[in-house]
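Next up, my_file15.pdb (PDB, C-alpha atoms and all ligand atoms):
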MODEL        1
ATOM      1  CA  MET A  18    -196.336 -27.074 -23.280  1.00  0.00           C
ATOM      2  CA  PRO A  19    -199.867 -26.226 -24.535  1.00  0.00           C
ATOM      3  CA  PRO A  20    -202.670 -26.104 -21.971  1.00  0.00           C
ATOM      4  CA  LEU A  21    -203.063 -29.502 -20.403  1.00  0.00           C
ATOM      5  CA  THR A  22    -206.573 -30.141 -21.660  1.00  0.00           C
ATOM      6  CA  THR A  23    -205.409 -29.599 -25.264  1.00  0.00           C
ATOM      7  CA  PHE A  24    -202.400 -31.832 -24.653  1.00  0.00           C
ATOM      8  CA  ILE A  25    -204.410 -34.722 -23.220  1.00  0.00           C
ATOM      9  CA  GLN A  26    -207.123 -34.417 -25.878  1.00  0.00           C
ATOM     10  CA  ALA A  27    -204.496 -34.603 -28.634  1.00  0.00           C
ATOM     11  CA  LYS A  28    -203.010 -37.730 -27.072  1.00  0.00           C
ATOM     12  CA  ILE A  29    -206.421 -39.385 -26.840  1.00  0.00           C
ATOM     13  CA  LYS A  30    -207.218 -38.512 -30.458  1.00  0.00           C
ATOM     14  CA  ALA A  31    -203.913 -39.941 -31.689  1.00  0.00           C
ATOM     15  CA  ALA A  32    -204.463 -43.137 -29.719  1.00  0.00           C
ATOM     16  CA  ARG A  33    -207.953 -43.600 -31.160  1.00  0.00           C
ATOM     17  CA  ARG A  34    -206.504 -43.747 -34.664  1.00  0.00           C
ATOM     18  CA  GLY A  35    -205.138 -47.178 -33.817  1.00  0.00           C
ATOM     19  CA  THR A  36    -207.141 -50.355 -34.087  1.00  0.00           C
ATOM     20  CA  ARG A  37    -207.535 -53.229 -31.698  1.00  0.00           C
ATOM     21  CA  ARG A  38    -207.279 -56.847 -32.642  1.00  0.00           C
ATOM     22  CA  PRO A  39    -210.493 -58.547 -31.493  1.00  0.00           C
ATOM     23  CA  GLU A  40    -208.561 -61.639 -30.373  1.00  0.00           C
ATOM     24  CA  ASP A  41    -206.685 -59.549 -27.808  1.00  0.00           C
ATOM     25  CA  PHE A  42    -209.642 -58.379 -25.778  1.00  0.00           C
ATOM     26  CA  GLU A  43    -211.989 -61.321 -26.236  1.00  0.00           C
ATOM     27  CA  ASP A  44    -209.981 -63.377 -23.779  1.00  0.00           C
ATOM     28  CA  GLY A  45    -209.947 -60.511 -21.260  1.00  0.00           C
ATOM     29  CA  ARG A  46    -206.211 -60.067 -21.536  1.00  0.00           C
ATOM     30  CA  VAL A  47    -206.199 -56.476 -22.758  1.00  0.00           C
ATOM     31  CA  PRO A  48    -207.923 -53.798 -20.644  1.00  0.00           C
ATOM     32  CA  ARG A  49    -210.690 -51.701 -22.180  1.00  0.00           C
ATOM     33  CA  GLY A  50    -209.553 -48.787 -24.308  1.00  0.00           C
ATOM     34  CA  GLN A  51    -206.113 -50.299 -25.052  1.00  0.00           C
ATOM     35  CA  ARG A  52    -204.674 -51.508 -28.350  1.00  0.00           C
ATOM     36  CA  VAL A  53    -201.737 -53.842 -28.728  1.00  0.00           C
ATOM     37  CA  VAL A  54    -198.506 -52.553 -30.235  1.00  0.00           C
ATOM     38  CA  ASP A  55    -195.477 -54.563 -31.322  1.00  0.00           C
ATOM     39  CA  HIS A  56    -192.900 -51.810 -30.839  1.00  0.00           C
ATOM     40  CA  PHE A  57    -191.817 -50.129 -27.605  1.00  0.00           C
ATOM     41  CA  PRO A  58    -192.887 -46.463 -27.574  1.00  0.00           C
ATOM     42  CA  VAL A  59    -190.703 -43.967 -25.687  1.00  0.00           C
ATOM     43  CA  LEU A  60    -192.530 -41.405 -23.549  1.00  0.00           C
ATOM     44  CA  ASP A  61    -191.065 -38.918 -21.101  1.00  0.00           C
ATOM     45  CA  LEU A  62    -190.568 -35.226 -20.419  1.00  0.00           C
ATOM     46  CA  GLY A  63    -187.697 -35.104 -22.922  1.00  0.00           C
ATOM     47  CA  ALA A  64    -184.663 -34.730 -20.650  1.00  0.00           C
ATOM     48  CA  ARG A  65    -183.312 -38.340 -20.876  1.00  0.00           C
ATOM     49  CA  PRO A  66    -180.427 -38.075 -18.389  1.00  0.00           C
ATOM     50  CA  LYS A  67    -177.371 -40.191 -19.200  1.00  0.00           C
ATOM     51  CA  ILE A  68    -176.386 -42.008 -16.027  1.00  0.00           C
ATOM     52  CA  LYS A  69    -173.382 -44.335 -15.945  1.00  0.00           C
ATOM     53  CA  ALA A  70    -174.190 -47.568 -14.134  1.00  0.00           C
ATOM     54  CA  ALA A  71    -171.142 -47.147 -11.864  1.00  0.00           C
ATOM     55  CA  GLU A  72    -172.428 -43.711 -10.836  1.00  0.00           C
ATOM     56  CA  TRP A  73    -176.071 -44.660 -10.345  1.00  0.00           C
ATOM     57  CA  ARG A  74    -177.421 -44.414  -6.799  1.00  0.00           C
ATOM     58  CA  LEU A  75    -180.832 -45.080  -5.364  1.00  0.00           C
ATOM     59  CA  GLU A  76    -181.631 -43.247  -2.168  1.00  0.00           C
ATOM     60  CA  LEU A  77    -184.377 -44.584   0.094  1.00  0.00           C
ATOM     61  CA  SER A  78    -185.431 -41.903   2.543  1.00  0.00           C
ATOM     62  CA  GLY A  79    -188.312 -40.799   4.742  1.00  0.00           C
ATOM     63  CA  THR A  80    -190.394 -42.885   7.111  1.00  0.00           C
ATOM     64  CA  LEU A  81    -187.902 -45.754   7.403  1.00  0.00           C
ATOM     65  CA  GLU A  82    -186.095 -47.462  10.232  1.00  0.00           C
ATOM     66  CA  ALA A  83    -182.988 -47.915   8.108  1.00  0.00           C
ATOM     67  CA  PRO A  84    -182.715 -45.331   5.295  1.00  0.00           C
ATOM     68  CA  LEU A  85    -180.181 -46.501   2.732  1.00  0.00           C
ATOM     69  CA  THR A  86    -178.382 -45.711  -0.487  1.00  0.00           C
ATOM     70  CA  LEU A  87    -177.987 -48.499  -3.021  1.00  0.00           C
ATOM     71  CA  THR A  88    -175.228 -48.664  -5.646  1.00  0.00           C
ATOM     72  CA  TRP A  89    -175.201 -50.532  -8.973  1.00  0.00           C
ATOM     73  CA  ASP A  90    -172.908 -53.253  -7.575  1.00  0.00           C
ATOM     74  CA  GLU A  91    -175.154 -53.690  -4.553  1.00  0.00           C
ATOM     75  CA  LEU A  92    -178.202 -53.950  -6.806  1.00  0.00           C
ATOM     76  CA  LEU A  93    -176.559 -56.684  -8.895  1.00  0.00           C
ATOM     77  CA  ALA A  94    -175.510 -58.564  -5.762  1.00  0.00           C
ATOM     78  CA  LEU A  95    -179.157 -58.947  -4.662  1.00  0.00           C
ATOM     79  CA  PRO A  96    -181.352 -61.831  -5.888  1.00  0.00           C
ATOM     80  CA  GLN A  97    -182.321 -61.231  -9.528  1.00  0.00           C
ATOM     81  CA  THR A  98    -185.841 -61.867 -10.775  1.00  0.00           C
ATOM     82  CA  GLU A  99    -187.206 -62.202 -14.282  1.00  0.00           C
ATOM     83  CA  VAL A 100    -190.815 -61.305 -15.003  1.00  0.00           C
ATOM     84  CA  ILE A 101    -192.715 -61.476 -18.281  1.00  0.00           C
ATOM     85  CA  VAL A 102    -195.543 -58.981 -18.062  1.00  0.00           C
ATOM     86  CA  ASP A 103    -197.926 -56.882 -20.132  1.00  0.00           C
ATOM     87  CA  ILE A 104    -197.515 -53.133 -19.892  1.00  0.00           C
ATOM     88  CA  HIS A 105    -200.355 -50.686 -20.358  1.00  0.00           C
ATOM     89  CA  CYS A 106    -199.841 -46.994 -21.097  1.00  0.00           C
ATOM     90  CA  VAL A 107    -202.534 -44.407 -20.434  1.00  0.00           C
ATOM     91  CA  THR A 108    -202.047 -43.234 -24.036  1.00  0.00           C
ATOM     92  CA  HIS A 109    -203.810 -46.483 -25.003  1.00  0.00           C
ATOM     93  CA  TRP A 110    -200.944 -48.741 -26.066  1.00  0.00           C
ATOM     94  CA  THR A 111    -200.342 -52.143 -24.546  1.00  0.00           C
ATOM     95  CA  ARG A 112    -197.246 -54.294 -25.063  1.00  0.00           C
ATOM     96  CA  LEU A 113    -197.692 -57.967 -24.269  1.00  0.00           C
ATOM     97  CA  ASP A 114    -195.138 -60.383 -22.784  1.00  0.00           C
ATOM     98  CA  VAL A 115    -192.309 -57.968 -22.095  1.00  0.00           C
ATOM     99  CA  PRO A 116    -189.372 -59.714 -20.405  1.00  0.00           C
ATOM    100  CA  TRP A 117    -187.652 -57.715 -17.645  1.00  0.00           C
ATOM    101  CA  VAL A 118    -184.846 -58.529 -15.228  1.00  0.00           C
ATOM    102  CA  GLY A 119    -184.255 -56.731 -11.953  1.00  0.00           C
ATOM    103  CA  VAL A 120    -184.530 -56.837  -8.192  1.00  0.00           C
ATOM    104  CA  ARG A 121    -187.871 -57.019  -6.442  1.00  0.00           C
ATOM    105  CA  LEU A 122    -188.541 -53.745  -4.684  1.00  0.00           C
ATOM    106  CA  GLN A 123    -189.746 -55.728  -1.667  1.00  0.00           C
ATOM    107  CA  GLU A 124    -186.133 -56.934  -1.261  1.00  0.00           C
ATOM    108  CA  ILE A 125    -184.932 -53.351  -0.899  1.00  0.00           C
ATOM    109  CA  LEU A 126    -187.839 -52.258   1.298  1.00  0.00           C
ATOM    110  CA  LYS A 127    -187.172 -55.237   3.558  1.00  0.00           C
ATOM    111  CA  ARG A 128    -183.727 -53.787   4.187  1.00  0.00           C
ATOM    112  CA  ALA A 129    -184.914 -50.183   4.627  1.00  0.00           C
ATOM    113  CA  ARG A 130    -187.748 -51.274   6.981  1.00  0.00           C
ATOM    114  CA  PRO A 131    -190.678 -48.868   6.563  1.00  0.00           C
ATOM    115  CA  LEU A 132    -191.993 -47.671   9.951  1.00  0.00           C
ATOM    116  CA  PRO A 133    -195.521 -48.798  10.911  1.00  0.00           C
ATOM    117  CA  GLU A 134    -197.017 -45.410   9.968  1.00  0.00           C
ATOM    118  CA  ALA A 135    -195.478 -45.457   6.441  1.00  0.00           C
ATOM    119  CA  SER A 136    -198.301 -45.553   3.890  1.00  0.00           C
ATOM    120  CA  HIS A 137    -197.225 -43.869   0.633  1.00  0.00           C
ATOM    121  CA  VAL A 138    -194.161 -43.344  -1.532  1.00  0.00           C
ATOM    122  CA  VAL A 139    -192.916 -40.848  -4.077  1.00  0.00           C
ATOM    123  CA  LEU A 140    -190.702 -42.232  -6.845  1.00  0.00           C
ATOM    124  CA  HIS A 141    -188.085 -39.762  -8.107  1.00  0.00           C
ATOM    125  CA  GLY A 142    -186.444 -39.808 -11.545  1.00  0.00           C
ATOM    126  CA  ALA A 143    -183.123 -38.096 -12.324  1.00  0.00           C
ATOM    127  CA  ASP A 144    -185.038 -35.827 -14.739  1.00  0.00           C
ATOM    128  CA  ASN A 145    -186.957 -34.466 -11.707  1.00  0.00           C
ATOM    129  CA  TYR A 146    -189.982 -36.561 -12.655  1.00  0.00           C
ATOM    130  CA  THR A 147    -192.046 -37.761  -9.726  1.00  0.00           C
ATOM    131  CA  THR A 148    -194.931 -40.163  -9.355  1.00  0.00           C
ATOM    132  CA  ASN A 149    -196.702 -41.472  -6.263  1.00  0.00           C
ATOM    133  CA  LEU A 150    -198.124 -44.800  -5.110  1.00  0.00           C
ATOM    134  CA  PRO A 151    -199.421 -46.402  -1.946  1.00  0.00           C
ATOM    135  CA  LEU A 152    -196.620 -48.411  -0.344  1.00  0.00           C
ATOM    136  CA  SER A 153    -198.768 -51.543  -0.711  1.00  0.00           C
ATOM    137  CA  ASP A 154    -198.651 -51.223  -4.528  1.00  0.00           C
ATOM    138  CA  LEU A 155    -194.887 -51.760  -4.399  1.00  0.00           C
ATOM    139  CA  LEU A 156    -194.895 -55.062  -2.549  1.00  0.00           C
ATOM    140  CA  GLY A 157    -196.017 -57.261  -5.445  1.00  0.00           C
ATOM    141  CA  ASP A 158    -193.742 -60.012  -6.762  1.00  0.00           C
ATOM    142  CA  ASP A 159    -193.720 -58.331 -10.189  1.00  0.00           C
ATOM    143  CA  VAL A 160    -192.611 -54.888  -8.981  1.00  0.00           C
ATOM    144  CA  LEU A 161    -188.953 -54.560  -9.958  1.00  0.00           C
ATOM    145  CA  LEU A 162    -186.054 -52.192  -9.997  1.00  0.00           C
ATOM    146  CA  ALA A 163    -185.435 -53.247 -13.580  1.00  0.00           C
ATOM    147  CA  HIS A 164    -182.072 -53.058 -15.348  1.00  0.00           C
ATOM    148  CA  ARG A 165    -182.692 -55.345 -18.343  1.00  0.00           C
ATOM    149  CA  VAL A 166    -185.504 -55.547 -20.885  1.00  0.00           C
ATOM    150  CA  ASP A 167    -185.958 -57.607 -24.048  1.00  0.00           C
ATOM    151  CA  GLY A 168    -182.790 -59.537 -23.254  1.00  0.00           C
ATOM    152  CA  ARG A 169    -180.438 -56.553 -23.078  1.00  0.00           C
ATOM    153  CA  PRO A 170    -179.387 -53.825 -20.661  1.00  0.00           C
ATOM    154  CA  LEU A 171    -182.160 -51.261 -20.189  1.00  0.00           C
ATOM    155  CA  PRO A 172    -181.478 -48.541 -22.797  1.00  0.00           C
ATOM    156  CA  THR A 173    -181.245 -44.896 -21.711  1.00  0.00           C
ATOM    157  CA  GLU A 174    -184.476 -43.941 -23.483  1.00  0.00           C
ATOM    158  CA  HIS A 175    -186.394 -46.540 -21.478  1.00  0.00           C
ATOM    159  CA  GLY A 176    -184.923 -45.340 -18.181  1.00  0.00           C
ATOM    160  CA  GLY A 177    -181.571 -47.126 -17.980  1.00  0.00           C
ATOM    161  CA  PRO A 178    -179.504 -47.990 -16.130  1.00  0.00           C
ATOM    162  CA  VAL A 179    -182.370 -48.627 -13.672  1.00  0.00           C
ATOM    163  CA  ARG A 180    -186.091 -47.890 -13.713  1.00  0.00           C
ATOM    164  CA  LEU A 181    -189.047 -48.929 -11.652  1.00  0.00           C
ATOM    165  CA  LEU A 182    -191.497 -51.445 -13.119  1.00  0.00           C
ATOM    166  CA  VAL A 183    -195.046 -51.572 -11.715  1.00  0.00           C
ATOM    167  CA  PRO A 184    -196.949 -53.695 -14.247  1.00  0.00           C
ATOM    168  CA  GLN A 185    -200.291 -53.503 -12.381  1.00  0.00           C
ATOM    169  CA  ARG A 186    -200.541 -49.729 -12.929  1.00  0.00           C
ATOM    170  CA  TYR A 187    -200.533 -47.533 -16.028  1.00  0.00           C
ATOM    171  CA  PHE A 188    -196.948 -47.096 -17.158  1.00  0.00           C
ATOM    172  CA  TRP A 189    -196.532 -43.487 -15.992  1.00  0.00           C
ATOM    173  CA  LYS A 190    -196.189 -44.917 -12.462  1.00  0.00           C
ATOM    174  CA  SER A 191    -193.035 -46.782 -13.585  1.00  0.00           C
ATOM    175  CA  ALA A 192    -190.411 -44.085 -12.985  1.00  0.00           C
ATOM    176  CA  LYS A 193    -187.485 -44.141 -15.399  1.00  0.00           C
ATOM    177  CA  TRP A 194    -183.902 -43.223 -14.288  1.00  0.00           C
ATOM    178  CA  ILE A 195    -185.017 -43.881 -10.751  1.00  0.00           C
ATOM    179  CA  THR A 196    -182.697 -42.333  -8.161  1.00  0.00           C
ATOM    180  CA  GLY A 197    -184.948 -41.825  -5.159  1.00  0.00           C
ATOM    181  CA  ILE A 198    -187.780 -43.414  -3.250  1.00  0.00           C
ATOM    182  CA  SER A 199    -189.164 -41.326  -0.403  1.00  0.00           C
ATOM    183  CA  VAL A 200    -191.543 -42.943   2.024  1.00  0.00           C
ATOM    184  CA  HIS A 201    -194.284 -40.888   3.662  1.00  0.00           C
ATOM    185  CA  THR A 202    -197.211 -41.018   6.063  1.00  0.00           C
ATOM    186  CA  GLU A 203    -199.438 -39.202   3.538  1.00  0.00           C
ATOM    187  CA  ASP A 204    -200.053 -39.298  -0.180  1.00  0.00           C
ATOM    188  CA  GLN A 205    -198.168 -36.694  -2.247  1.00  0.00           C
ATOM    189  CA  PRO A 206    -199.335 -36.467  -5.875  1.00  0.00           C
ATOM    190  CA  GLY A 207    -196.516 -36.540  -8.470  1.00  0.00           C
ATOM    191  CA  PHE A 208    -195.906 -34.822 -11.819  1.00  0.00           C
ATOM    192  CA  TRP A 209    -198.850 -36.196 -13.803  1.00  0.00           C
ATOM    193  CA  GLU A 210    -201.075 -36.707 -10.787  1.00  0.00           C
ATOM    194  CA  THR A 211    -201.040 -32.943 -10.142  1.00  0.00           C
ATOM    195  CA  ARG A 212    -201.817 -32.364 -13.842  1.00  0.00           C
ATOM    196  CA  GLY A 213    -205.058 -34.237 -14.220  1.00  0.00           C
ATOM    197  CA  TYR A 214    -204.051 -37.892 -14.272  1.00  0.00           C
ATOM    198  CA  HIS A 215    -205.830 -40.310 -11.956  1.00  0.00           C
ATOM    199  CA  ASN A 216    -204.093 -40.909  -8.657  1.00  0.00           C
ATOM    200  CA  ALA A 217    -204.570 -44.696  -8.584  1.00  0.00           C
ATOM    201  CA  ALA A 218    -203.945 -45.646 -12.270  1.00  0.00           C
ATOM    202  CA  ASP A 219    -205.400 -49.165 -12.340  1.00  0.00           C
ATOM    203  CA  PRO A 220    -205.717 -50.078 -16.064  1.00  0.00           C
ATOM    204  CA  TRP A 221    -208.418 -52.687 -15.287  1.00  0.00           C
ATOM    205  CA  LYS A 222    -210.611 -49.907 -13.863  1.00  0.00           C
ATOM    206  CA  GLU A 223    -209.609 -47.466 -16.622  1.00  0.00           C
ATOM    207  CA  GLU A 224    -208.356 -44.987 -14.032  1.00  0.00           C
ATOM    208  CA  ARG A 225    -206.840 -42.632 -16.611  1.00  0.00           C
ATOM    209  CA  TYR A 226    -207.787 -39.086 -15.663  1.00  0.00           C
ATOM    210  CA  ALA A 227    -209.095 -37.485 -12.514  1.00  0.00           C
ATOM    211  CA  ARG A 228    -211.907 -35.924 -14.524  1.00  0.00           C
ATOM    212  CA  LYS A 229    -213.564 -36.632 -17.874  1.00  0.00           C
ATOM    213  CA  TYR A 230    -212.040 -35.116 -21.012  1.00  0.00           C
TER     214      TYR A 230
HETATM  215  N1  LIG A 301    -188.250 -40.330 -14.944  1.00  0.00           N
HETATM  216  C1  LIG A 301    -189.329 -40.427 -15.733  1.00  0.00           C
HETATM  217  N2  LIG A 301    -190.051 -41.555 -15.692  1.00  0.00           N
HETATM  218  C2  LIG A 301    -191.134 -41.698 -16.485  1.00  0.00           C
HETATM  219  C3  LIG A 301    -191.562 -40.648 -17.333  1.00  0.00           C
HETATM  220  C4  LIG A 301    -190.780 -39.457 -17.343  1.00  0.00           C
HETATM  221  O1  LIG A 301    -191.062 -38.470 -18.065  1.00  0.00           O
HETATM  222  N3  LIG A 301    -189.665 -39.388 -16.540  1.00  0.00           N
HETATM  223  N4  LIG A 301    -192.684 -40.823 -18.109  1.00  0.00           N
HETATM  224  C5  LIG A 301    -193.650 -41.849 -17.678  1.00  0.00           C
HETATM  225  C6  LIG A 301    -194.613 -42.155 -18.705  1.00  0.00           C
HETATM  226  S1  LIG A 301    -195.854 -41.021 -18.962  1.00  0.00           S
HETATM  227  C7  LIG A 301    -194.611 -43.361 -19.364  1.00  0.00           C
HETATM  228  S2  LIG A 301    -195.871 -43.790 -20.401  1.00  0.00           S
HETATM  229  C8  LIG A 301    -193.493 -44.309 -19.242  1.00  0.00           C
HETATM  230  C9  LIG A 301    -192.890 -44.567 -20.606  1.00  0.00           C
HETATM  231  O2  LIG A 301    -191.840 -45.470 -20.526  1.00  0.00           O
HETATM  232  P1  LIG A 301    -191.092 -45.870 -21.876  1.00  0.00           P
HETATM  233  O3  LIG A 301    -190.532 -44.606 -22.467  1.00  0.00           O
HETATM  234  O4  LIG A 301    -190.060 -46.857 -21.483  1.00  0.00           O
HETATM  235  O5  LIG A 301    -192.141 -46.466 -22.775  1.00  0.00           O
HETATM  236  O6  LIG A 301    -192.485 -43.816 -18.379  1.00  0.00           O
HETATM  237  C10 LIG A 301    -192.950 -43.139 -17.248  1.00  0.00           C
HETATM  238  N5  LIG A 301    -191.821 -42.859 -16.408  1.00  0.00           N
HETATM  239 MO    MO A 302    -197.488 -42.261 -20.277  1.00  0.00          MO
ENDMDL
END

Spell out the structure here as structure tokens.
Ligand SMILES: Nc1nc2c(c(=O)[nH]1)N[C@H]1C(S)=C(S)[C@@H](COP(=O)(O)O)O[C@H]1N2
Ligand SMILES: [Mo]
Amino acid sequence: MPPLTTFIQAKIKAARRGTRRPEDFEDGRVPRGQRVVDHFPVLDLGARPKIKAAEWRLELSGTLEAPLTLTWDELLALPQTEVIVDIHCVTHWTRLDVPWVGVRLQEILKRARPLPEASHVVLHGADNYTTNLPLSDLLGDDVLLAHRVDGRPLPTEHGGPVRLLVPQRYFWKSAKWITGISVHTEDQPGFWETRGYHNAADPWKEERYARKY
């Protein structure tokens, strides 16, 4: 990988080549600095682990009263939720009205019972990717362990069989191939957060990078 500054600058330059449709931001629907795309870009570290649904496990560990491991069958047996949400990537693309199906993370957390001092989580992908969020960011009704998108099973390149979906944050917070959620009493910056990305990642505040590039 080239030095990070070069890498981020190249991404920003590429994104600026795109154009925005005025009608998308006039109604306040698209955050500043984003442009709407009609396709579904694939972005990751390149490993793309192939996980069979029957072999997928999600381990909830850390500051919990009832740590647990969830299987695919257990996930499907929980109440299923559909959300239609816009997703915003820090590399400046936005996809509108993306339909997802999955289980609300609050359902799982309810079972694992975070202890009173639990405040932050680290999301772990099977490719060793990590990203961090405050526990409170995961309690929204639109935060899913998603296993379907666009009316079909979540494809491997988008994090299938199961990924996290956190629509209220830039998309790097939505860990693909999710296999672990560790709950902590302190914040622990993840892969991109230790490499210059903003810790909080709210697209409506343009929290892209920890410093200006
Ligand atoms: N496990 C894992 N999750 C990941 C990543 C990754 O490299 N590994 N990349 C993140 C980034 S930077 C983005 S923009 C989105 C891209 O998701 P997509 O490929 O489905 O568009 O996944 C996020 N989740
Ligand atoms: Mo990203």

Mind giving me the straight-line distance from atom C10 of ligand LIG 301 (chain A) to CA of Asp144 (chain A) in Å, one decimal?
->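 Spanning atom C10 of ligand LIG 301 (chain A) to CA of Asp144 (chain A) is a straight-line distance of 11.1 Å.
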
Return as a count of residues only every polymer residue, whether protein, DNA or RNA, with at least one atom no more than 12 Å from an atom of ligand MO 302 (chain A); count all atoms listed in the file.
-> 35

May I ask for the distance between CA of Glu134 (chain A) and CA of Arg180 (chain A), given in Å to one decimal place?
->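 These atoms are spaced 26.2 Å apart.
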
Expanded to explicit residues, what is the PyMOL selection byres (((chain A and resi 197-202) around 10) and not hetatm) for this file, as a ChimeraX atom specification?
-> /A:74-81,84,86-87,126,131-143,147-152,192,194-196,203-205

Write out as JSON, numbers by chain which residues come within 9 Å of Leu93 (chain A) when counting all atoms listed in the file, dropping same-chain ones fewer than 5 positions away.
-> {"A": [88, 119, 120]}

Measure the distance from CA of Val118 (chain A) to CA of Val179 (chain A) in Å and round it to one decimal.
->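 Pair CA of Val118 (chain A) / CA of Val179 (chain A) returns 10.3 Å.
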
Expected selection from the PyMOL selection byres (((chain A and resi 53-55) around 7) and not hetatm), given as a list in words | Arg37, Gln51, Arg52, His56, Phe57, Trp110, Thr111 and Arg112 of chain A

Output C-alpha atoms for every residue in the selection just made, as a compact mmCIF listing (two decimals), in the frame of the given file.
# COMPACT_ATOMS: atom_id res chain seq x y z
CA ARG A 37 -207.54 -53.23 -31.70
CA GLN A 51 -206.11 -50.30 -25.05
CA ARG A 52 -204.67 -51.51 -28.35
CA HIS A 56 -192.90 -51.81 -30.84
CA PHE A 57 -191.82 -50.13 -27.60
CA TRP A 110 -200.94 -48.74 -26.07
CA THR A 111 -200.34 -52.14 -24.55
CA ARG A 112 -197.25 -54.29 -25.06

Of the candidates A:Val102, A:Val115, A:Ala70, A:Leu122, which shows the shortest atom-to-atom distance to Gln185 (chain A), using only C-alpha atoms?
->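 Answer, going by the shortest atom-to-atom distance: A:Val102.
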
So, counting all atoms listed in the file, which residue among A:Leu156, A:Ala129, A:Ala217, A:Leu171 is closest to ligand LIG 301 (chain A)?
->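 Checking each of A:Leu156, A:Ala129, A:Ala217, A:Leu171 against ligand LIG 301 (chain A), counting all atoms listed in the file, the winner is A:Leu171.
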
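Between ligand LIG 301 (chain A) and the candidates A:Glu91, A:Asp154, A:Asp167, A:Asp159, the tightest atom-to-atom separation, counting only C-alpha atoms and all ligand atoms, involves A:Asp167.
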
Check the smallest atom-to-atom distance from each of A:Gly213, A:Gly168, A:Gly177, A:Pro206 to ligand LIG 301 (chain A) using all atoms listed in the file, then report the winner.
->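 Among the listed residues, A:Gly177 lies closest to ligand LIG 301 (chain A).
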
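Distance annotation: of A:Val160, A:Leu155, A:Leu95, A:Ala64, the residue with the minimal separation from Arg121 (chain A) is A:Val160; atom set is only C-alpha atoms.
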
Given 6 Å on each side, where is the centre and what are the edge lengths in Å to one decimal of the axis-aligned box enclosing the listed atoms of region 152-159 of chain A, as AutoDock Vina command-line options?
--center_x -196.2 --center_y -54.2 --center_z -5.3 --size_x 17.0 --size_y 23.6 --size_z 21.8

Closest of A:Gly176, A:Gly45, A:Gly157, A:Pro170 to ligand LIG 301 (chain A) - atom-to-atom distances counting only C-alpha atoms and all ligand atoms =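 Closest candidate: A:Gly176.
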
Could you write region 181-191 of chain A as an mmCIF file, in the coordinates of the input, with N, CA, C and O atoms rebuilt where they are missing?
data_model
loop_
_atom_site.group_PDB
_atom_site.id
_atom_site.type_symbol
_atom_site.label_atom_id
_atom_site.label_comp_id
_atom_site.auth_asym_id
_atom_site.auth_seq_id
_atom_site.Cartn_x
_atom_site.Cartn_y
_atom_site.Cartn_z
ATOM 1 N N LEU A 181 -188.056 -48.156 -12.378
ATOM 2 C CA LEU A 181 -189.047 -48.929 -11.652
ATOM 3 C C LEU A 181 -189.970 -49.603 -12.660
ATOM 4 O O LEU A 181 -190.221 -49.058 -13.741
ATOM 5 N N LEU A 182 -190.475 -50.768 -12.315
ATOM 6 C CA LEU A 182 -191.497 -51.445 -13.119
ATOM 7 C C LEU A 182 -192.652 -51.827 -12.200
ATOM 8 O O LEU A 182 -192.475 -52.592 -11.257
ATOM 9 N N VAL A 183 -193.826 -51.237 -12.470
ATOM 10 C CA VAL A 183 -195.046 -51.572 -11.715
ATOM 11 C C VAL A 183 -196.110 -52.000 -12.727
ATOM 12 O O VAL A 183 -196.935 -51.195 -13.156
ATOM 13 N N PRO A 184 -196.085 -53.270 -13.134
ATOM 14 C CA PRO A 184 -196.949 -53.695 -14.247
ATOM 15 C C PRO A 184 -198.443 -53.548 -13.962
ATOM 16 O O PRO A 184 -199.228 -53.431 -14.904
ATOM 17 N N GLN A 185 -198.861 -53.556 -12.703
ATOM 18 C CA GLN A 185 -200.291 -53.503 -12.381
ATOM 19 C C GLN A 185 -200.875 -52.096 -12.456
ATOM 20 O O GLN A 185 -202.058 -51.898 -12.175
ATOM 21 N N ARG A 186 -200.065 -51.105 -12.811
ATOM 22 C CA ARG A 186 -200.541 -49.729 -12.929
ATOM 23 C C ARG A 186 -200.177 -49.196 -14.314
ATOM 24 O O ARG A 186 -199.252 -49.700 -14.954
ATOM 25 N N TYR A 187 -200.931 -48.174 -14.771
ATOM 26 C CA TYR A 187 -200.533 -47.533 -16.028
ATOM 27 C C TYR A 187 -199.055 -47.153 -15.926
ATOM 28 O O TYR A 187 -198.536 -46.827 -14.852
ATOM 29 N N PHE A 188 -198.414 -47.129 -17.096
ATOM 30 C CA PHE A 188 -196.948 -47.096 -17.158
ATOM 31 C C PHE A 188 -196.336 -45.784 -16.636
ATOM 32 O O PHE A 188 -195.150 -45.735 -16.365
ATOM 33 N N TRP A 189 -197.154 -44.724 -16.500
ATOM 34 C CA TRP A 189 -196.532 -43.487 -15.992
ATOM 35 C C TRP A 189 -196.090 -43.647 -14.539
ATOM 36 O O TRP A 189 -195.290 -42.878 -14.030
ATOM 37 N N LYS A 190 -196.614 -44.673 -13.847
ATOM 38 C CA LYS A 190 -196.189 -44.917 -12.462
ATOM 39 C C LYS A 190 -194.804 -45.580 -12.407
ATOM 40 O O LYS A 190 -194.205 -45.672 -11.345
ATOM 41 N N SER A 191 -194.326 -46.091 -13.551
ATOM 42 C CA SER A 191 -193.035 -46.782 -13.585
ATOM 43 C C SER A 191 -191.929 -45.766 -13.884
ATOM 44 O O SER A 191 -191.579 -45.531 -15.043
#
